[in-house]
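So this block is data.csv, CSV, C-alpha atoms:
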```
chain,number,residue,atom,x,y,z
A,23,MET,CA,106.6,84.4,-60.7
A,24,ALA,CA,110.1,83.0,-60.2
A,25,ALA,CA,110.6,79.8,-58.1
A,26,THR,CA,113.8,78.5,-56.4
A,27,VAL,CA,114.5,74.8,-56.9
A,28,GLN,CA,117.0,73.0,-54.7
A,29,LEU,CA,119.7,71.0,-56.5
A,30,GLN,CA,121.4,67.9,-55.1
A,31,CYS,CA,123.5,65.1,-56.5
A,32,ALA,CA,122.8,61.4,-55.8
A,33,CYS,CA,125.2,61.2,-52.8
A,34,GLY,CA,124.4,64.7,-51.4
A,35,GLU,CA,127.9,66.0,-51.6
A,36,VAL,CA,127.1,68.6,-54.3
A,37,LYS,CA,124.2,71.0,-53.6
A,38,GLY,CA,122.9,74.2,-55.1
A,39,GLN,CA,120.0,76.3,-56.2
A,40,LEU,CA,118.3,77.1,-59.4
A,41,LYS,CA,116.1,80.1,-60.1
A,42,VAL,CA,113.3,79.2,-62.4
A,43,VAL,CA,112.1,82.3,-64.2
A,44,PRO,CA,109.0,81.9,-66.5
A,45,GLY,CA,109.9,82.7,-70.1
A,46,HIS,CA,113.6,82.2,-69.4
A,47,PHE,CA,114.0,78.5,-70.0
A,48,PHE,CA,113.4,75.5,-72.3
A,49,HIS,CA,112.3,72.2,-70.8
A,50,VAL,CA,113.6,69.6,-73.3
A,51,HIS,CA,114.0,65.9,-73.7
A,52,CYS,CA,117.2,65.0,-75.6
A,53,LEU,CA,117.6,61.5,-77.2
A,54,CYS,CA,121.0,62.3,-78.9
A,55,CYS,CA,123.8,59.8,-79.0
A,56,ASP,CA,126.1,62.2,-77.2
A,57,CYS,CA,123.8,62.4,-74.1
A,58,GLN,CA,123.6,58.6,-74.2
A,59,GLN,CA,127.4,58.3,-74.4
A,60,PHE,CA,127.9,60.7,-71.5
A,61,ALA,CA,125.6,58.7,-69.3
A,62,ASN,CA,127.4,55.5,-70.3
A,63,GLU,CA,130.8,57.2,-69.6
A,64,LEU,CA,129.6,58.1,-66.1
A,65,GLY,CA,128.5,54.5,-65.5
A,66,ASN,CA,125.0,55.6,-64.5
A,67,ALA,CA,123.0,55.2,-67.7
A,68,ASP,CA,120.3,53.2,-65.9
A,69,LYS,CA,119.8,56.1,-63.4
A,70,ILE,CA,120.2,59.0,-65.9
A,71,LEU,CA,118.4,57.9,-69.1
A,72,ASP,CA,114.8,56.9,-69.6
A,73,LYS,CA,113.8,53.7,-71.4
A,74,HIS,CA,114.3,55.4,-74.8
A,75,GLY,CA,117.8,56.6,-73.9
A,76,GLY,CA,116.6,60.2,-73.3
A,77,SER,CA,117.8,62.8,-70.9
A,78,GLU,CA,115.5,65.4,-69.4
A,79,LEU,CA,117.2,68.9,-69.5
A,80,PHE,CA,116.3,72.3,-68.2
A,81,GLN,CA,118.0,74.9,-70.4
A,82,THR,CA,118.4,78.4,-68.9
A,83,TYR,CA,120.9,81.1,-68.1
A,84,PRO,CA,124.1,80.3,-66.0
A,85,ALA,CA,123.3,83.3,-63.8
A,86,TYR,CA,120.3,81.5,-62.4
A,87,MET,CA,122.3,78.5,-61.2
A,88,ASP,CA,124.4,78.4,-58.1
A,89,ILE,CA,126.5,75.6,-56.6
A,90,THR,CA,126.5,76.2,-52.8
A,91,GLN,CA,128.3,73.1,-51.6
A,92,GLY,CA,130.8,70.6,-53.0
A,93,LYS,CA,132.4,72.8,-55.7
A,94,GLU,CA,135.5,70.7,-55.3
A,95,ASN,CA,133.5,67.8,-56.8
A,96,ILE,CA,132.7,69.5,-60.1
A,97,ALA,CA,134.4,67.7,-63.0
A,98,CYS,CA,134.1,68.1,-66.8
A,99,MET,CA,134.1,65.9,-69.8
A,100,GLN,CA,134.2,66.7,-73.5
A,101,LEU,CA,133.2,63.9,-75.8
A,102,HIS,CA,134.5,65.6,-79.0
A,103,PRO,CA,137.3,68.1,-79.5
A,104,LYS,CA,134.8,70.9,-80.3
A,105,GLY,CA,131.9,69.5,-78.4
A,106,LEU,CA,130.0,70.8,-75.4
A,107,TYR,CA,131.4,70.8,-71.9
A,108,ARG,CA,129.5,68.2,-70.0
A,109,TRP,CA,129.8,68.8,-66.2
A,110,TYR,CA,129.3,66.1,-63.7
A,111,THR,CA,130.0,65.3,-60.0
A,112,SER,CA,133.2,63.4,-59.3
A,113,CYS,CA,131.7,62.1,-56.1
A,114,CYS,CA,128.9,60.0,-57.6
A,115,ASN,CA,129.3,60.5,-61.4
A,116,MET,CA,126.0,62.4,-61.7
A,117,PRO,CA,125.4,64.8,-64.6
A,118,LEU,CA,125.2,68.5,-63.6
A,119,ALA,CA,124.9,70.4,-66.8
A,120,ASN,CA,126.0,71.1,-70.3
A,121,THR,CA,127.6,74.4,-71.4
A,122,MET,CA,129.4,75.7,-74.4
A,123,THR,CA,133.2,75.8,-74.1
A,124,SER,CA,133.1,79.5,-73.3
A,125,GLY,CA,131.8,81.1,-70.2
A,126,SER,CA,130.6,84.1,-72.2
A,127,VAL,CA,127.7,82.2,-73.7
A,128,PRO,CA,124.5,82.6,-71.8
A,129,PHE,CA,123.4,79.0,-71.8
A,130,VAL,CA,123.4,76.1,-69.4
A,131,GLY,CA,121.4,72.8,-69.9
A,132,ILE,CA,120.9,71.4,-66.4
A,133,SER,CA,120.0,67.8,-65.7
A,134,VAL,CA,116.5,67.6,-64.2
A,135,LYS,CA,117.7,64.6,-62.1
A,136,LEU,CA,119.4,67.1,-59.8
A,137,MET,CA,116.2,69.0,-59.0
A,138,GLN,CA,114.5,68.3,-55.7
A,139,PHE,CA,110.7,68.6,-55.5
A,140,ALA,CA,108.3,67.8,-52.7
A,141,ASP,CA,106.1,65.9,-55.2
A,142,GLU,CA,105.3,65.3,-58.9
A,143,GLN,CA,102.7,68.1,-59.0
A,144,THR,CA,105.1,70.7,-57.7
A,145,ARG,CA,107.6,69.5,-60.3
A,146,GLN,CA,105.0,69.9,-63.1
A,147,ASP,CA,103.9,73.3,-61.9
A,148,THR,CA,107.5,74.5,-61.7
A,149,LEU,CA,108.9,73.1,-64.9
A,150,GLY,CA,105.8,72.8,-67.1
A,151,PRO,CA,105.7,70.2,-69.9
A,152,VAL,CA,108.6,69.2,-72.1
A,153,THR,CA,108.4,71.6,-75.0
A,154,VAL,CA,110.8,69.8,-77.4
A,155,LYS,CA,111.7,66.1,-77.6
A,156,ALA,CA,114.6,66.0,-80.1
A,157,PHE,CA,117.0,63.6,-81.8
A,158,GLY,CA,114.5,60.7,-81.8
A,159,LYS,CA,116.4,58.9,-84.5
A,160,TYR,CA,118.9,57.9,-81.8
A,161,ALA,CA,116.2,56.5,-79.5
A,162,ILE,CA,116.8,53.1,-78.0
A,163,GLY,CA,114.1,50.8,-79.4
A,164,GLU,CA,111.2,52.5,-81.1
A,165,MET,CA,111.3,56.3,-81.5
A,166,PRO,CA,108.7,58.0,-79.2
A,167,GLN,CA,105.8,59.2,-81.3
A,168,ASP,CA,106.1,62.8,-79.9
A,169,ALA,CA,109.8,63.0,-80.7
A,170,HIS,CA,111.4,64.9,-83.6
A,171,GLU,CA,113.8,62.8,-85.6
A,172,ARG,CA,116.4,65.6,-85.4
A,173,PHE,CA,116.4,69.0,-83.7
A,174,PRO,CA,113.4,71.0,-85.1
A,175,LEU,CA,114.5,74.0,-87.1
A,176,SER,CA,111.2,75.7,-86.0
A,177,SER,CA,112.7,76.1,-82.5
A,178,MET,CA,115.8,78.0,-83.7
A,179,PRO,CA,114.3,81.5,-83.7
A,180,LYS,CA,113.3,81.1,-80.1
A,181,ILE,CA,116.7,79.9,-79.1
A,182,ILE,CA,118.5,82.7,-80.9
A,183,ALA,CA,116.3,85.3,-79.3
A,184,PHE,CA,116.9,83.6,-75.9
A,185,MET,CA,120.7,83.8,-76.4
A,186,VAL,CA,120.6,87.4,-77.6
A,187,LYS,CA,118.5,88.5,-74.7
A,188,GLY,CA,120.8,86.6,-72.3
A,189,LYS,CA,123.9,88.2,-73.7
A,190,PHE,CA,122.4,91.7,-73.7
A,191,ASN,CA,121.3,91.3,-70.0
A,192,LYS,CA,124.7,89.6,-69.1
A,193,ARG,CA,123.0,86.5,-67.8
A,194,HIS,CA,126.1,84.4,-68.6
A,195,GLN,CA,127.5,85.6,-65.3
A,196,PRO,CA,128.0,84.7,-62.6
A,197,ASN,CA,128.5,81.2,-63.9
A,198,PRO,CA,129.0,78.2,-61.6
A,199,PHE,CA,131.3,76.5,-64.2
A,200,PHE,CA,133.6,79.4,-65.2
A,201,ILE,CA,135.4,82.0,-63.0
A,202,ASP,CA,136.7,85.0,-65.0
A,203,GLY,CA,136.1,83.0,-68.1
A,204,VAL,CA,138.2,80.0,-66.9
A,205,PRO,CA,136.6,76.6,-66.5
A,206,VAL,CA,136.5,75.5,-62.9
A,207,ALA,CA,137.8,72.0,-64.0
A,208,SER,CA,139.7,70.7,-66.9
A,209,ALA,CA,137.8,68.7,-69.5
A,210,VAL,CA,138.7,65.1,-69.9
A,211,ALA,CA,137.9,63.1,-73.0
A,212,SER,CA,136.8,60.0,-71.2
A,213,LEU,CA,136.5,58.4,-67.8
A,214,LYS,CA,137.1,55.0,-69.3
A,215,GLY,CA,140.2,55.8,-71.4
```
Would it be possible to restate this file's structure as structure tokens?
Amino acid sequence: MAATVQLQCACGEVKGQLKVVPGHFFHVHCLCCDCQQFANELGNADKILDKHGGSELFQTYPAYMDITQGKENIACMQLHPKGLYRWYTSCCNMPLANTMTSGSVPFVGISVKLMQFADEQTRQDTLGPVTVKAFGKYAIGEMPQDAHERFPLSSMPKIIAFMVKGKFNKRHQPNPFFIDGVPVASAVASLKG
């Protein structure tokens, strides 16, 4: 059964909702150097990353996410010329989500830090366990024992099937980050540059 999770940035200016549909998401923990760089660019690494430098992400379809308040505070960063669009709030520099550079791709990786739950048990019941902990070779300090050194190739068939199903069912739209295929904010290379 689908659940609706409320989304809210740290300062409360940006709010939204996420529809959590069983079988239509991946709950992941990413330790990659780009996620770490993004958190550092936002100046919020201590609030975003865990002790190993990991980000907890909820990967699903854009059609399941809606920003209901504070759309004017949506900003975008691109760490590399061909890299992901990394969306964040300009009000409190909190990560929102990662997307491809095209709004036609049925994928969004939402920061779990946005999600509002009554308690830890509700969170666990809604999101389930982390299914993949990837890019452990970039971990700060010792690599967690349950992390893969890189992204596990064994997960690729599931991701490809997820993307094909999402494209076929047009779950790339509506998209909170693209209107008629155009990004809602221009991507900057850095906040510090």
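For the point (127.2, 71.9, -66.0) in file coordinates, the residues within 10 Å, using all atoms listed in the file, are Pro84, Met87, Ile96, Ala97, Cys98, Met99, Leu106, Tyr107, Arg108, Trp109, Tyr110, Thr111, Pro117, Leu118, Ala119, Asn120, Thr121, Met122, Phe129, Val130, Gly131, Ile132, Ser133, Asn197, Pro198, Phe199 and Phe200 of chain A.
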Would you mind telling me which residue in A:Met137, A:Ala156, A:Leu29, A:Val210 lies nearest to A:Cys57 when using all atoms listed in the file? A:Ala156
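For the pair atom CA of A:Asn62 and atom CA of A:Gly203, the separation is 28.9 Å.
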Just how far from atom CA of A:His170 is atom CA of A:Asp72, in Å to one decimal? 16.5 Å
Just the residues within 10 Å of A:Lys69, please, counting only C-alpha atoms, with nothing from its chain fewer than 3 positions along; format it as a ChimeraX atom specification. /A:32,61,65-66,72,116,135
If you count all atoms listed in the file, which residues fall within 9 Å of A:Pro44, apart from same-chain ones fewer than 2 positions away, as a VMD selection string? chain A and resid 23 to 25 42 46 to 47 148 to 149
Neighbour list for A:Gln39 as a PyMOL selection string, cut-off 7 Å, only C-alpha atoms, skip fewer than 6 positions in-chain: chain A and resi 26-29+87-89
In Å, with one decimal, what is the gap from atom CA of A:Lys187 to atom CA of A:Phe48? 14.2 Å
Which of these, A:Lys41, A:Gln143, A:His102, A:Gly34, has the shortest distance to A:Thr123 once you count all atoms listed in the file? A:His102
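Proximity ranking of A:Ser112, A:Ala85, A:Gln146, A:Tyr160 relative to A:Asp56 places A:Tyr160 first, based on all atoms listed in the file.
Among the candidate residues A:Ser126, A:Ala209, A:Gly75, A:Thr90, the one lying nearest to A:Phe190 is A:Ser126, with distances computed using all atoms listed in the file.
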Determine the nearest neighbour of A:Pro128 from the options A:Arg172, A:Lys180, A:His194, A:Arg145, counting all atoms listed in the file. A:His194
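The nearest approach to A:Ile162 among the residues A:Cys31, A:Val43, A:Cys54, A:Leu175, with only C-alpha atoms taken into account, belongs to A:Cys54.
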